[in-house]
Amino acid sequence: MFIAIDESKCMGHGRCYAVAPDLLTDDDEGFVAERGRCWELPADLVGQAQDAADACPEGAIRVTEAAPADA
Ligand code: SF4
């Protein structure tokens with residue numbers, strides 16, 4: 001499974017790293033520090049990744065089986 005975070009959609013609500021503290025971190029301005037990245041998830045963090053995607057009100061986080069072509 002992969003996670004991709006769309007930098008253009010991230011508005012810095014901070015909900016994602018609150019529910020996925022082992023996966024995501026914040027930067028100095030409250031945005032998720034990993035925005036703009038796509039990476040393969042360790043199996044034990046897939047649940048946190050899905051929680052982060054569900055928590056993001058902007059739809060900035062996608063969790064997919066294959067790496068998205070546009071990420
Ligand atoms: S919850 Fe969504 S909009 Fe807020 S910091 Fe995380 S990715 Fe960005």
# chains A, B, ... in the order shown; residues from 1 in each chain; ligands from 1

$ residues_around --residues "A:Gly30" --least-positions-apart "4" --cutoff "12 Å" --atoms "only C-alpha atoms" --output "number ranges by chain"
A: 10-18, 24-26, 34-35

$ write_last_selection --atoms "all heavy atoms" --output "mmCIF file, in the first residue's frame"
data_model
loop_
_atom_site.group_PDB
_atom_site.id
_atom_site.type_symbol
_atom_site.label_atom_id
_atom_site.label_comp_id
_atom_site.auth_asym_id
_atom_site.auth_seq_id
_atom_site.Cartn_x
_atom_site.Cartn_y
_atom_site.Cartn_z
ATOM 1 N N CYS A 10 -3.305 20.519 0.848
ATOM 2 C CA CYS A 10 -3.074 20.577 2.294
ATOM 3 C C CYS A 10 -3.254 22.002 2.804
ATOM 4 O O CYS A 10 -2.608 22.925 2.326
ATOM 5 C CB CYS A 10 -1.669 20.073 2.624
ATOM 6 S SG CYS A 10 -1.306 20.151 4.401
ATOM 7 N N MET A 11 -4.135 22.146 3.801
ATOM 8 C CA MET A 11 -4.425 23.462 4.372
ATOM 9 C C MET A 11 -3.943 23.593 5.814
ATOM 10 O O MET A 11 -4.240 24.584 6.487
ATOM 11 C CB MET A 11 -5.931 23.737 4.306
ATOM 12 C CG MET A 11 -6.455 23.856 2.899
ATOM 13 S SD MET A 11 -5.727 25.282 2.069
ATOM 14 C CE MET A 11 -5.940 24.841 0.354
ATOM 15 N N GLY A 12 -3.274 22.563 6.310
ATOM 16 C CA GLY A 12 -2.671 22.681 7.631
ATOM 17 C C GLY A 12 -3.610 22.508 8.805
ATOM 18 O O GLY A 12 -3.389 23.079 9.866
ATOM 19 N N HIS A 13 -4.665 21.738 8.630
ATOM 20 C CA HIS A 13 -5.588 21.506 9.747
ATOM 21 C C HIS A 13 -4.965 20.689 10.875
ATOM 22 O O HIS A 13 -5.408 20.779 12.014
ATOM 23 C CB HIS A 13 -6.838 20.771 9.261
ATOM 24 C CG HIS A 13 -7.569 21.490 8.189
ATOM 25 N ND1 HIS A 13 -8.241 22.666 8.409
ATOM 26 C CD2 HIS A 13 -7.725 21.211 6.870
ATOM 27 C CE1 HIS A 13 -8.790 23.072 7.275
ATOM 28 N NE2 HIS A 13 -8.492 22.215 6.323
ATOM 29 N N GLY A 14 -4.002 19.860 10.516
ATOM 30 C CA GLY A 14 -3.308 19.083 11.537
ATOM 31 C C GLY A 14 -4.008 17.823 11.994
ATOM 32 O O GLY A 14 -3.576 17.169 12.927
ATOM 33 N N ARG A 15 -5.097 17.481 11.379
ATOM 34 C CA ARG A 15 -5.822 16.293 11.835
ATOM 35 C C ARG A 15 -5.077 15.011 11.488
ATOM 36 O O ARG A 15 -5.176 14.023 12.219
ATOM 37 C CB ARG A 15 -7.210 16.265 11.207
ATOM 38 C CG ARG A 15 -8.069 17.445 11.630
ATOM 39 C CD ARG A 15 -9.455 17.322 11.053
ATOM 40 N NE ARG A 15 -10.231 18.522 11.294
ATOM 41 C CZ ARG A 15 -11.466 18.712 10.854
ATOM 42 N NH1 ARG A 15 -12.056 17.774 10.146
ATOM 43 N NH2 ARG A 15 -12.099 19.825 11.113
ATOM 44 N N CYS A 16 -4.388 15.010 10.380
ATOM 45 C CA CYS A 16 -3.749 13.774 9.902
ATOM 46 C C CYS A 16 -2.642 13.318 10.853
ATOM 47 O O CYS A 16 -2.623 12.160 11.276
ATOM 48 C CB CYS A 16 -3.208 13.959 8.502
ATOM 49 S SG CYS A 16 -2.039 15.322 8.342
ATOM 50 N N TYR A 17 -1.758 14.196 11.217
ATOM 51 C CA TYR A 17 -0.659 13.751 12.093
ATOM 52 C C TYR A 17 -1.125 13.532 13.528
ATOM 53 O O TYR A 17 -0.465 12.844 14.290
ATOM 54 C CB TYR A 17 0.562 14.674 12.012
ATOM 55 C CG TYR A 17 0.332 16.141 12.182
ATOM 56 C CD1 TYR A 17 0.145 16.708 13.432
ATOM 57 C CD2 TYR A 17 0.335 16.981 11.069
ATOM 58 C CE1 TYR A 17 -0.037 18.074 13.590
ATOM 59 C CE2 TYR A 17 0.137 18.351 11.215
ATOM 60 C CZ TYR A 17 -0.047 18.890 12.466
ATOM 61 O OH TYR A 17 -0.227 20.250 12.612
ATOM 62 N N ALA A 18 -2.299 14.073 13.879
ATOM 63 C CA ALA A 18 -2.855 13.800 15.211
ATOM 64 C C ALA A 18 -3.328 12.352 15.320
ATOM 65 O O ALA A 18 -3.211 11.745 16.384
ATOM 66 C CB ALA A 18 -4.003 14.751 15.507
ATOM 67 N N LEU A 24 3.171 10.365 10.415
ATOM 68 C CA LEU A 24 3.222 11.740 9.913
ATOM 69 C C LEU A 24 3.672 12.701 11.003
ATOM 70 O O LEU A 24 3.419 12.480 12.188
ATOM 71 C CB LEU A 24 1.833 12.159 9.407
ATOM 72 C CG LEU A 24 1.229 11.283 8.305
ATOM 73 C CD1 LEU A 24 -0.212 11.691 8.035
ATOM 74 C CD2 LEU A 24 2.057 11.350 7.040
ATOM 75 N N THR A 25 4.297 13.793 10.575
ATOM 76 C CA THR A 25 4.760 14.821 11.506
ATOM 77 C C THR A 25 4.337 16.195 10.988
ATOM 78 O O THR A 25 3.940 16.335 9.828
ATOM 79 C CB THR A 25 6.296 14.792 11.652
ATOM 80 O OG1 THR A 25 6.877 14.928 10.354
ATOM 81 C CG2 THR A 25 6.757 13.501 12.279
ATOM 82 N N ASP A 26 4.445 17.179 11.837
ATOM 83 C CA ASP A 26 4.091 18.537 11.436
ATOM 84 C C ASP A 26 5.346 19.384 11.246
ATOM 85 O O ASP A 26 6.400 19.091 11.800
ATOM 86 C CB ASP A 26 3.185 19.184 12.476
ATOM 87 C CG ASP A 26 3.826 19.258 13.852
ATOM 88 O OD1 ASP A 26 4.555 18.313 14.214
ATOM 89 O OD2 ASP A 26 3.593 20.250 14.554
ATOM 90 N N GLU A 34 5.188 15.900 5.487
ATOM 91 C CA GLU A 34 5.398 14.985 4.361
ATOM 92 C C GLU A 34 4.584 15.360 3.128
ATOM 93 O O GLU A 34 4.505 14.569 2.178
ATOM 94 C CB GLU A 34 5.066 13.554 4.793
ATOM 95 C CG GLU A 34 6.015 12.978 5.831
ATOM 96 C CD GLU A 34 5.703 13.427 7.264
ATOM 97 O OE1 GLU A 34 4.688 14.129 7.486
ATOM 98 O OE2 GLU A 34 6.476 13.060 8.172
ATOM 99 N N ARG A 35 3.939 16.544 3.112
ATOM 100 C CA ARG A 35 3.115 16.897 1.950
ATOM 101 C C ARG A 35 3.986 16.949 0.689
ATOM 102 O O ARG A 35 5.144 17.340 0.730
ATOM 103 C CB ARG A 35 2.388 18.223 2.174
ATOM 104 C CG ARG A 35 3.278 19.428 2.310
ATOM 105 C CD ARG A 35 2.459 20.615 2.807
ATOM 106 N NE ARG A 35 3.220 21.846 2.845
ATOM 107 C CZ ARG A 35 4.058 22.165 3.830
ATOM 108 N NH1 ARG A 35 4.257 21.332 4.819
ATOM 109 N NH2 ARG A 35 4.721 23.309 3.790
#

$ residues_around --residues "stretch 63-67 of chain A" --least-positions-apart "6" --cutoff "8 Å" --atoms "only C-alpha atoms" --output "ChimeraX atom specification"
/A:1-4,38-40,49-50,53

$ write_last_selection --atoms "C-alpha atoms" --output "mmCIF file, in the first residue's frame"
data_model
loop_
_atom_site.group_PDB
_atom_site.id
_atom_site.type_symbol
_atom_site.label_atom_id
_atom_site.label_comp_id
_atom_site.auth_asym_id
_atom_site.auth_seq_id
_atom_site.Cartn_x
_atom_site.Cartn_y
_atom_site.Cartn_z
ATOM 1 C CA MET A 1 0.000 0.000 0.000
ATOM 2 C CA PHE A 2 1.082 3.546 -0.745
ATOM 3 C CA ILE A 3 0.285 6.935 0.735
ATOM 4 C CA ALA A 4 0.347 10.125 -1.296
ATOM 5 C CA CYS A 38 4.352 9.483 -2.012
ATOM 6 C CA TRP A 39 5.866 6.423 -0.388
ATOM 7 C CA GLU A 40 5.252 2.753 0.276
ATOM 8 C CA ALA A 49 -2.525 5.916 6.976
ATOM 9 C CA GLN A 50 -6.191 5.142 6.375
ATOM 10 C CA ALA A 53 -6.869 9.937 4.962
#

$ select_by_dssp --residues "chain A" --states "strand (DSSP E or B)" --output "list in words"
Phe2, Ile3, Ala4, Ile5, Asp26, Val32, Cys38, Trp39, Glu40, Ile61, Arg62, Val63 and Thr64 of chain A

$ select_by_dssp --residues "chain A" --states "alpha helix (DSSP H)" --output "list in words"
Arg15, Cys16, Tyr17, Ala18, Val19, Val46, Gly47, Gln48, Ala49, Gln50, Asp51, Ala52, Ala53, Asp54 and Ala55 of chain A

$ closest_residue --among "A:Asp22, A:Asp51, A:Asp28, A:Glu58" --to "ligand 1" --atoms "only C-alpha atoms and all ligand atoms"
A:Glu58

$ atom_distance --atom1 "atom CA of A:Pro21" --atom2 "atom CA of A:Lys9"
20.3 Å

$ atom_distance --atom1 "atom CA of A:Asp6" --atom2 "atom CA of A:Ala43"
21.7 Å

$ decode --residues "stretch 10-52 of chain A" --atoms "C-alpha atoms" --output "compact mmCIF listing (two decimals), in the first residue's frame"
# COMPACT_ATOMS: atom_id res chain seq x y z
CA CYS A 10 -3.07 20.58 2.29
CA MET A 11 -4.42 23.46 4.37
CA GLY A 12 -2.67 22.68 7.63
CA HIS A 13 -5.59 21.51 9.75
CA GLY A 14 -3.31 19.08 11.54
CA ARG A 15 -5.82 16.29 11.83
CA CYS A 16 -3.75 13.77 9.90
CA TYR A 17 -0.66 13.75 12.09
CA ALA A 18 -2.86 13.80 15.21
CA VAL A 19 -4.36 10.42 14.28
CA ALA A 20 -1.20 8.97 12.69
CA PRO A 21 1.66 9.99 14.99
CA ASP A 22 3.87 7.07 13.97
CA LEU A 23 3.56 7.97 10.30
CA LEU A 24 3.22 11.74 9.91
CA THR A 25 4.76 14.82 11.51
CA ASP A 26 4.09 18.54 11.44
CA ASP A 27 6.29 21.37 10.28
CA ASP A 28 6.80 24.73 11.97
CA GLU A 29 3.64 26.16 10.40
CA GLY A 30 1.30 23.29 11.28
CA PHE A 31 1.26 21.66 7.87
CA VAL A 32 1.97 17.98 7.53
CA ALA A 33 5.72 17.82 6.90
CA GLU A 34 5.40 14.99 4.36
CA ARG A 35 3.12 16.90 1.95
CA GLY A 36 4.08 16.47 -1.66
CA ARG A 37 5.45 12.98 -1.03
CA CYS A 38 4.35 9.48 -2.01
CA TRP A 39 5.87 6.42 -0.39
CA GLU A 40 5.25 2.75 0.28
CA LEU A 41 3.75 2.02 3.67
CA PRO A 42 5.08 -0.53 6.13
CA ALA A 43 2.29 -3.04 6.72
CA ASP A 44 1.89 -2.05 10.35
CA LEU A 45 1.17 1.59 9.45
CA VAL A 46 -1.52 1.03 6.83
CA GLY A 47 -4.24 1.48 9.47
CA GLN A 48 -2.82 4.82 10.60
CA ALA A 49 -2.52 5.92 6.98
CA GLN A 50 -6.19 5.14 6.38
CA ASP A 51 -7.12 6.99 9.57
CA ALA A 52 -5.15 10.01 8.34
